[in-house]
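Raw contents of query21.cif, mmCIF, C-alpha atoms:
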data_query
loop_
_atom_site.label_atom_id
_atom_site.label_comp_id
_atom_site.auth_asym_id
_atom_site.auth_seq_id
_atom_site.Cartn_x
_atom_site.Cartn_y
_atom_site.Cartn_z
CA MET A 1 16.96 -5.32 -12.94
CA PHE A 2 16.43 -6.01 -9.28
CA LEU A 3 13.17 -7.31 -7.97
CA TYR A 4 13.73 -5.67 -4.64
CA LEU A 5 13.96 -2.22 -6.21
CA PRO A 6 10.20 -1.52 -5.75
CA PHE A 7 10.50 -2.64 -2.10
CA LEU A 8 13.57 -0.47 -1.59
CA LEU A 9 11.85 2.58 -3.08
CA ALA A 10 8.67 1.92 -1.08
CA PHE A 11 10.69 1.55 2.12
CA LEU A 12 12.59 4.78 1.44
CA THR A 13 9.26 6.50 0.79
CA VAL A 14 7.87 5.25 4.11
CA LEU A 15 11.05 6.36 5.87
CA GLY A 16 10.89 9.77 4.19
CA ILE A 17 7.29 10.26 5.30
CA ALA A 18 8.13 9.21 8.86
CA LEU A 19 11.00 11.69 8.94
CA GLY A 20 8.79 14.44 7.52
CA TRP A 21 10.51 14.86 4.14
CA LYS A 22 7.44 15.75 2.15
CA SER A 23 8.91 16.62 -1.23
CA LEU A 24 11.43 13.77 -1.31
CA SER A 25 8.82 11.23 -0.24
CA ASN A 26 6.52 12.44 -3.05
CA LYS A 27 9.23 11.79 -5.61
CA LEU A 28 10.12 8.44 -4.09
CA TRP A 29 6.47 7.39 -4.10
CA LEU A 30 6.20 8.29 -7.77
CA ALA A 31 9.38 6.37 -8.56
CA SER A 32 8.17 3.37 -6.58
CA THR A 33 4.81 3.34 -8.37
CA ILE A 34 6.44 3.65 -11.80
CA VAL A 35 8.96 0.86 -11.09
CA THR A 36 6.19 -1.43 -9.80
CA LEU A 37 4.06 -0.69 -12.85
CA TRP A 38 7.04 -1.27 -15.13
CA TRP A 39 7.72 -4.68 -13.64
CA PHE A 40 4.04 -5.50 -13.85
CA SER A 41 3.88 -4.38 -17.47
CA GLN A 42 6.29 -7.22 -18.28
CA THR A 43 3.50 -9.69 -17.51
CA ALA A 44 1.28 -8.13 -20.13
CA GLN A 45 3.57 -9.48 -22.84
CA ALA A 46 2.19 -12.97 -22.27
CA PRO A 47 -1.29 -13.94 -23.44
CA LEU A 48 -3.87 -13.18 -20.78
CA GLY A 49 -5.34 -16.67 -20.86
CA PHE A 50 -8.91 -15.63 -21.48
CA ILE A 51 -10.89 -14.02 -24.27
CA LEU A 52 -11.46 -10.33 -23.70
CA MET B 1 -9.54 38.32 15.54
CA ASP B 2 -13.09 37.34 14.71
CA ARG B 3 -13.15 35.14 11.65
CA SER B 4 -16.63 33.77 12.20
CA VAL B 5 -17.93 35.81 9.24
CA VAL B 6 -15.52 34.08 6.88
CA PHE B 7 -15.11 30.66 8.45
CA THR B 8 -17.52 28.42 10.25
CA PRO B 9 -15.50 27.44 13.32
CA ARG B 10 -14.73 23.75 13.09
CA GLU B 11 -11.91 21.54 14.11
CA PRO B 12 -9.42 21.61 11.22
CA VAL B 13 -8.83 17.87 11.51
CA LEU B 14 -11.54 15.68 12.91
CA PRO B 15 -10.00 13.37 15.52
CA GLY B 16 -12.21 10.60 14.18
CA GLY B 17 -10.43 10.85 10.83
CA ILE B 18 -7.03 10.36 12.45
CA PHE B 19 -8.36 7.45 14.51
CA LEU B 20 -9.89 5.74 11.47
CA ASN B 21 -6.68 6.25 9.49
CA CYS B 22 -4.74 4.71 12.38
CA LEU B 23 -7.08 1.71 12.30
CA CYS B 24 -6.64 1.33 8.53
CA LEU B 25 -2.86 1.50 8.80
CA LEU B 26 -2.90 -1.09 11.59
CA ALA B 27 -5.12 -3.37 9.48
CA ILE B 28 -2.69 -3.06 6.54
CA SER B 29 0.24 -3.70 8.90
CA GLY B 30 -1.52 -6.80 10.21
CA TYR B 31 -2.03 -8.13 6.68
CA LEU B 32 1.61 -7.38 5.80
CA GLY B 33 2.69 -9.17 8.98
CA LEU B 34 0.58 -12.22 8.12
CA LEU B 35 2.08 -12.35 4.62
CA LEU B 36 5.57 -11.99 6.06
CA TYR B 37 4.92 -14.82 8.50
CA LEU B 38 3.60 -17.12 5.76
CA GLN B 39 6.57 -16.21 3.56
CA SER B 40 9.09 -16.86 6.32
CA MET B 41 7.49 -20.24 7.10
CA ALA B 42 7.80 -21.07 3.37
CA LEU B 43 4.04 -21.60 3.18
CA LEU B 44 3.63 -18.84 0.61
CA PRO B 45 6.38 -19.00 -2.03
CA GLY B 46 7.54 -15.51 -2.97
CA THR B 47 6.91 -15.43 -6.69
CA PRO B 48 7.69 -12.11 -8.42
CA LEU B 49 4.02 -11.34 -9.14
CA ARG B 50 3.20 -11.92 -5.47
CA GLN B 51 6.06 -9.68 -4.40
CA LEU B 52 4.74 -6.92 -6.63
CA GLN B 53 1.39 -7.31 -4.87
CA TYR B 54 3.14 -6.83 -1.53
CA THR B 55 4.59 -3.60 -2.91
CA GLY B 56 1.06 -2.57 -3.88
CA ILE B 57 -0.09 -3.16 -0.29
CA ILE B 58 2.77 -1.03 1.04
CA LEU B 59 1.85 1.69 -1.49
CA THR B 60 -1.74 1.58 -0.15
CA GLY B 61 -0.47 1.99 3.39
CA ILE B 62 1.70 4.93 2.34
CA GLY B 63 -1.45 6.98 1.69
CA PHE B 64 -2.72 6.38 5.23
CA LEU B 65 0.73 7.05 6.67
CA ARG B 66 0.84 10.39 4.85
CA ASN B 67 -2.54 11.23 6.38
CA LEU B 68 -1.19 10.52 9.85
CA ARG B 69 2.07 12.39 9.30
CA PHE B 70 1.09 15.39 7.17
CA GLY B 71 -2.61 15.78 7.97
CA ILE B 72 -5.67 14.37 6.27
CA LYS B 73 -5.91 15.42 2.63
CA SER B 74 -7.74 14.14 -0.43
CA ALA B 75 -4.42 13.83 -2.27
CA HIS B 76 -3.21 11.32 0.34
CA TYR B 77 -6.34 9.24 -0.16
CA GLY B 78 -5.49 9.36 -3.87
CA VAL B 79 -2.08 7.87 -3.08
CA ALA B 80 -3.74 5.03 -1.15
CA LEU B 81 -6.21 4.51 -4.00
CA VAL B 82 -3.43 4.14 -6.57
CA GLY B 83 -1.81 1.49 -4.36
CA ALA B 84 -5.09 -0.39 -3.98
CA LEU B 85 -5.67 -0.25 -7.74
CA LEU B 86 -2.18 -1.62 -8.42
CA THR B 87 -2.71 -4.46 -5.94
CA GLY B 88 -6.06 -5.34 -7.49
CA LEU B 89 -4.64 -5.25 -11.01
CA MET B 90 -1.82 -7.60 -10.09
CA ALA B 91 -4.12 -9.92 -8.14
CA LEU B 92 -6.42 -10.18 -11.16
CA ARG B 93 -3.42 -10.94 -13.36
CA GLN B 94 -2.39 -13.73 -11.02
CA ILE B 95 -5.92 -15.10 -10.99
CA SER B 96 -5.93 -15.08 -14.79
CA LEU B 97 -2.64 -17.02 -14.83
CA GLU B 98 -3.27 -19.49 -12.03
CA ALA B 99 -6.86 -19.81 -11.06
CA LEU B 100 -9.11 -19.98 -14.09
CA ALA B 101 -11.29 -23.00 -14.74
CA GLY B 102 -9.19 -26.07 -15.53
CA GLN B 103 -6.14 -24.78 -13.66
CA THR B 104 -4.88 -25.83 -10.26
CA PRO B 105 -3.89 -22.86 -8.09
CA THR B 106 -1.07 -23.33 -5.59
CA GLY B 107 -0.46 -21.88 -2.15
CA PRO B 108 -2.15 -22.14 1.23
CA LEU B 109 -5.80 -21.48 1.95
CA LEU B 110 -7.13 -18.94 4.42
CA GLN B 111 -10.80 -19.31 5.29
CA GLY B 112 -11.15 -21.52 2.22
CA MET B 113 -9.74 -18.97 -0.21
CA HIS B 114 -6.34 -18.67 -1.90
CA PHE B 115 -4.22 -15.62 -1.33
CA HIS B 116 -4.70 -14.23 -4.85
CA THR B 117 -8.41 -14.05 -4.01
CA TRP B 118 -7.61 -12.40 -0.69
CA MET B 119 -5.42 -9.87 -2.51
CA ALA B 120 -8.26 -8.99 -4.90
CA LEU B 121 -10.65 -8.71 -1.94
CA PHE B 122 -8.11 -6.57 -0.07
CA SER B 123 -7.94 -4.08 -2.91
CA LEU B 124 -11.75 -3.93 -3.18
CA ALA B 125 -12.08 -3.44 0.59
CA ALA B 126 -9.36 -0.77 0.54
CA MET B 127 -11.15 1.14 -2.22
CA LEU B 128 -14.47 0.96 -0.35
CA THR B 129 -12.79 2.09 2.88
CA ILE B 130 -11.12 5.03 1.14
CA ALA B 131 -14.47 6.05 -0.36
CA ALA B 132 -16.06 5.89 3.12
CA LEU B 133 -13.19 7.85 4.69
CA LEU B 134 -13.48 10.52 2.01
CA GLY B 135 -17.14 10.79 2.98
CA VAL B 136 -16.33 11.66 6.60
CA LYS B 137 -13.31 13.83 5.79
CA SER B 138 -13.31 17.31 7.29
CA ALA B 139 -12.74 20.43 5.22
CA GLU B 140 -9.20 21.20 4.07
CA TYR B 141 -8.23 24.49 5.64
CA PRO B 142 -5.38 26.64 4.39
CA ALA B 143 -2.14 26.29 6.31
CA THR B 144 -2.30 29.91 7.48
CA LEU B 145 -5.56 29.28 9.31
CA LEU B 146 -4.10 26.20 10.99
CA LEU B 147 -1.13 28.26 12.12
CA LEU B 148 -3.43 30.97 13.48
CA GLN B 149 -5.49 28.40 15.35
CA SER B 150 -2.42 26.74 16.86
CA ALA B 151 -1.09 30.16 17.89
CA GLU B 152 -4.37 30.92 19.63
CA LYS B 153 -4.22 27.63 21.53
CA GLU B 154 -0.82 28.38 23.02
CA ASN B 155 -1.88 27.68 26.57
CA GLU B 156 -3.25 24.24 25.82
CA PRO B 157 -0.69 21.55 26.58
CA ARG B 158 0.36 19.68 23.47
CA ARG B 159 -0.13 15.96 23.65
CA ILE B 160 2.30 13.57 22.03
CA PRO B 161 0.36 11.54 19.44
CA TRP B 162 1.53 8.14 20.62
CA GLY B 163 -1.16 6.30 18.64
CA ARG B 164 0.00 7.84 15.38
CA ILE B 165 3.66 7.28 16.21
CA GLY B 166 3.00 3.66 17.17
CA ALA B 167 0.96 2.82 14.07
CA GLY B 168 3.51 4.55 11.81
CA THR B 169 6.45 2.77 13.44
CA ILE B 170 4.83 -0.65 13.06
CA PHE B 171 4.20 0.05 9.36
CA VAL B 172 7.77 1.31 8.77
CA LEU B 173 9.18 -1.80 10.47
CA LEU B 174 7.00 -4.13 8.40
CA ALA B 175 7.92 -2.38 5.15
CA GLY B 176 11.58 -2.80 6.12
CA ALA B 177 11.03 -6.46 6.99
CA HIS B 178 9.46 -7.06 3.56
CA LEU B 179 12.45 -5.37 1.93
CA VAL B 180 14.82 -7.66 3.84
CA ALA B 181 12.68 -10.71 2.96
CA SER B 182 12.72 -9.76 -0.73
CA MET B 183 16.50 -9.31 -0.63
CA GLY B 184 16.89 -12.65 1.12
CA GLY B 185 16.00 -14.48 -2.06
CA CYS B 186 18.60 -12.61 -4.09
CA GLY B 187 22.31 -13.13 -4.50
CA ARG B 188 24.48 -10.07 -5.03
CA LEU B 189 24.46 -10.33 -8.78
CA VAL B 190 21.96 -12.95 -9.81
CA CYS B 191 18.83 -11.28 -8.47
CA GLY B 192 16.32 -10.73 -11.22
CA GLU B 193 17.87 -13.30 -13.53
CA GLY B 194 15.12 -14.82 -15.65
CA LEU B 195 12.64 -12.57 -13.93
CA ILE B 196 10.67 -11.85 -17.07
CA ASP B 197 10.10 -15.59 -17.51
CA LEU B 198 9.09 -15.90 -13.88
CA LEU B 199 6.63 -13.04 -14.22
CA GLN B 200 5.02 -14.74 -17.16
CA LEU B 201 3.87 -17.80 -15.27
CA HIS B 202 3.20 -20.62 -17.64
CA SER B 203 -0.52 -21.02 -17.56
CA GLN B 204 -2.09 -24.39 -18.22
CA PRO B 205 -3.87 -24.60 -21.55
CA SER B 206 -7.54 -24.09 -20.93
CA PRO B 207 -9.77 -27.03 -21.85
CA LYS B 208 -11.43 -26.81 -25.22
CA PRO B 209 -15.20 -26.65 -25.15
#
Render the structure in this file as structure tokens.
Amino acid sequence: MFLYLPFLLAFLTVLGIALGWKSLSNKLWLASTIVTLWWFSQTAQAPLGFIL
Amino acid sequence: MDRSVVFTPREPVLPGGIFLNCLCLLAISGYLGLLLYLQSMALLPGTPLRQLQYTGIILTGIGFLRNLRFGIKSAHYGVALVGALLTGLMALRQISLEALAGQTPTGPLLQGMHFHTWMALFSLAAMLTIAALLGVKSAEYPATLLLLQSAEKENEPRRIPWGRIGAGTIFVLLAGAHLVASMGGCGRLVCGEGLIDLLQLHSQPSPKP
């Protein structure tokens, strides 16, 4: 439940790419994207504010 | 070995592609730096939805960084595209919560536009740029051919790619700075408390027609 988790994962991904860890950085990127999407999905529980 | 029957001799990676990717990464780093500056000067309050947009920008830059580090590939442009899509999605969500007719958006203006608008424009520009870069991308050769070509060019002195290293380092540092800035607003245990409520910004009721 930490907001900085997406940042942490994204930073580790960037670091992994810079160090040349291809496979690990792939997994970290996927984790980072999923965590970001998960946090964002929480906003979809509120009404959008406009008629679709 | 004569491979001209099988392959049309071309440079495996067009130097222009690397240069353009460097430029894109520097542009993203510049935008991240500007956001960091505004955040540190307390001009741009770091709401959770905004912070998620910053993550989206970093995810966009990751695609370009992969191009610079591992060679230009369509898959890496896909990574950048996913990041741009995420940023755009979150910017549109923020616009729907803060900036519809009858609402008063907060935050500073840049060139007469709020930053949620700039975020949406950033994602659109990133998608257009990726489409253009895919258009000028060179063919993807198998790794064995690249190895053969590098073995044949043994006598050529290898240059250190300072441009790539510099652009990558700036991006890594800015991603780290954003991580530190996001942790700055958190205590050891209370970070994320009431986050769901914060994510669901209370929108003003829209005026009835």
Original post:
At what distance in Å, to one decimal, does atom CA of Leu24 of chain A lie from atom CA of Leu5 of chain A?
Top reply: 16.9 Å
**OP:** Work out how far apart atom CA of Ala18 of chain A and atom CA of Ser74 of chain B are and give it in Å to one decimal.
**Re:**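 Those two atoms sit 19.0 Å apart.
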**OP:** Name the residues that the PyMOL selection byres ((chain B and resi 26-32) around 12) pulls out of this structure, and write them as a ChimeraX atom specification.
**Re:** /B:19-25,33-39,51,53-65,68,80,83-84,115,118-119,122-123,125-126,129,163-179,181
Original post:
In terms of the shortest atom-to-atom distance over only C-alpha atoms, which of B:Ser138, B:Thr47, B:Asn67, B:Ser96 is closest to chain A?
Top reply: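 Of the candidates, the smallest distance to chain A is held by B:Ser96.
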Original post:
In Å to one decimal, how far is atom CA of Ser32 of chain A from atom CA of Ala10 of chain A?
Top reply: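 Atom CA of Ser32 of chain A lies 5.7 Å from atom CA of Ala10 of chain A.
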**OP:** Just say which residues the PyMOL selection byres ((chain A and resi 13) around 9) picks in this file, as a list in words.
**Re:**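 Applying the PyMOL selection byres ((chain A and resi 13) around 9) to the structure shown produces Leu8, Leu9, Ala10, Phe11, Leu12, Val14, Leu15, Gly16, Ile17, Ala18, Leu24, Ser25, Asn26, Lys27, Leu28, Trp29 and Ser32 of chain A; Ile62 of chain B.
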Original post:
Looking at A:Val35, A:Ser41, A:Leu19, A:Leu3, which one is nearest to chain B, with distances taken over all atoms listed in the file?
Top reply: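 Looking only at the distances to chain B, the closest residue turns out to be A:Leu3.
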Subject >> Of the listed residues B:Ser150, B:Thr87, B:Gln103, B:Ser182, that which approaches Leu124 of chain B most closely, counting all atoms listed in the file >> reply: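 The shortest atom-to-atom distance to Leu124 of chain B comes from B:Thr87.
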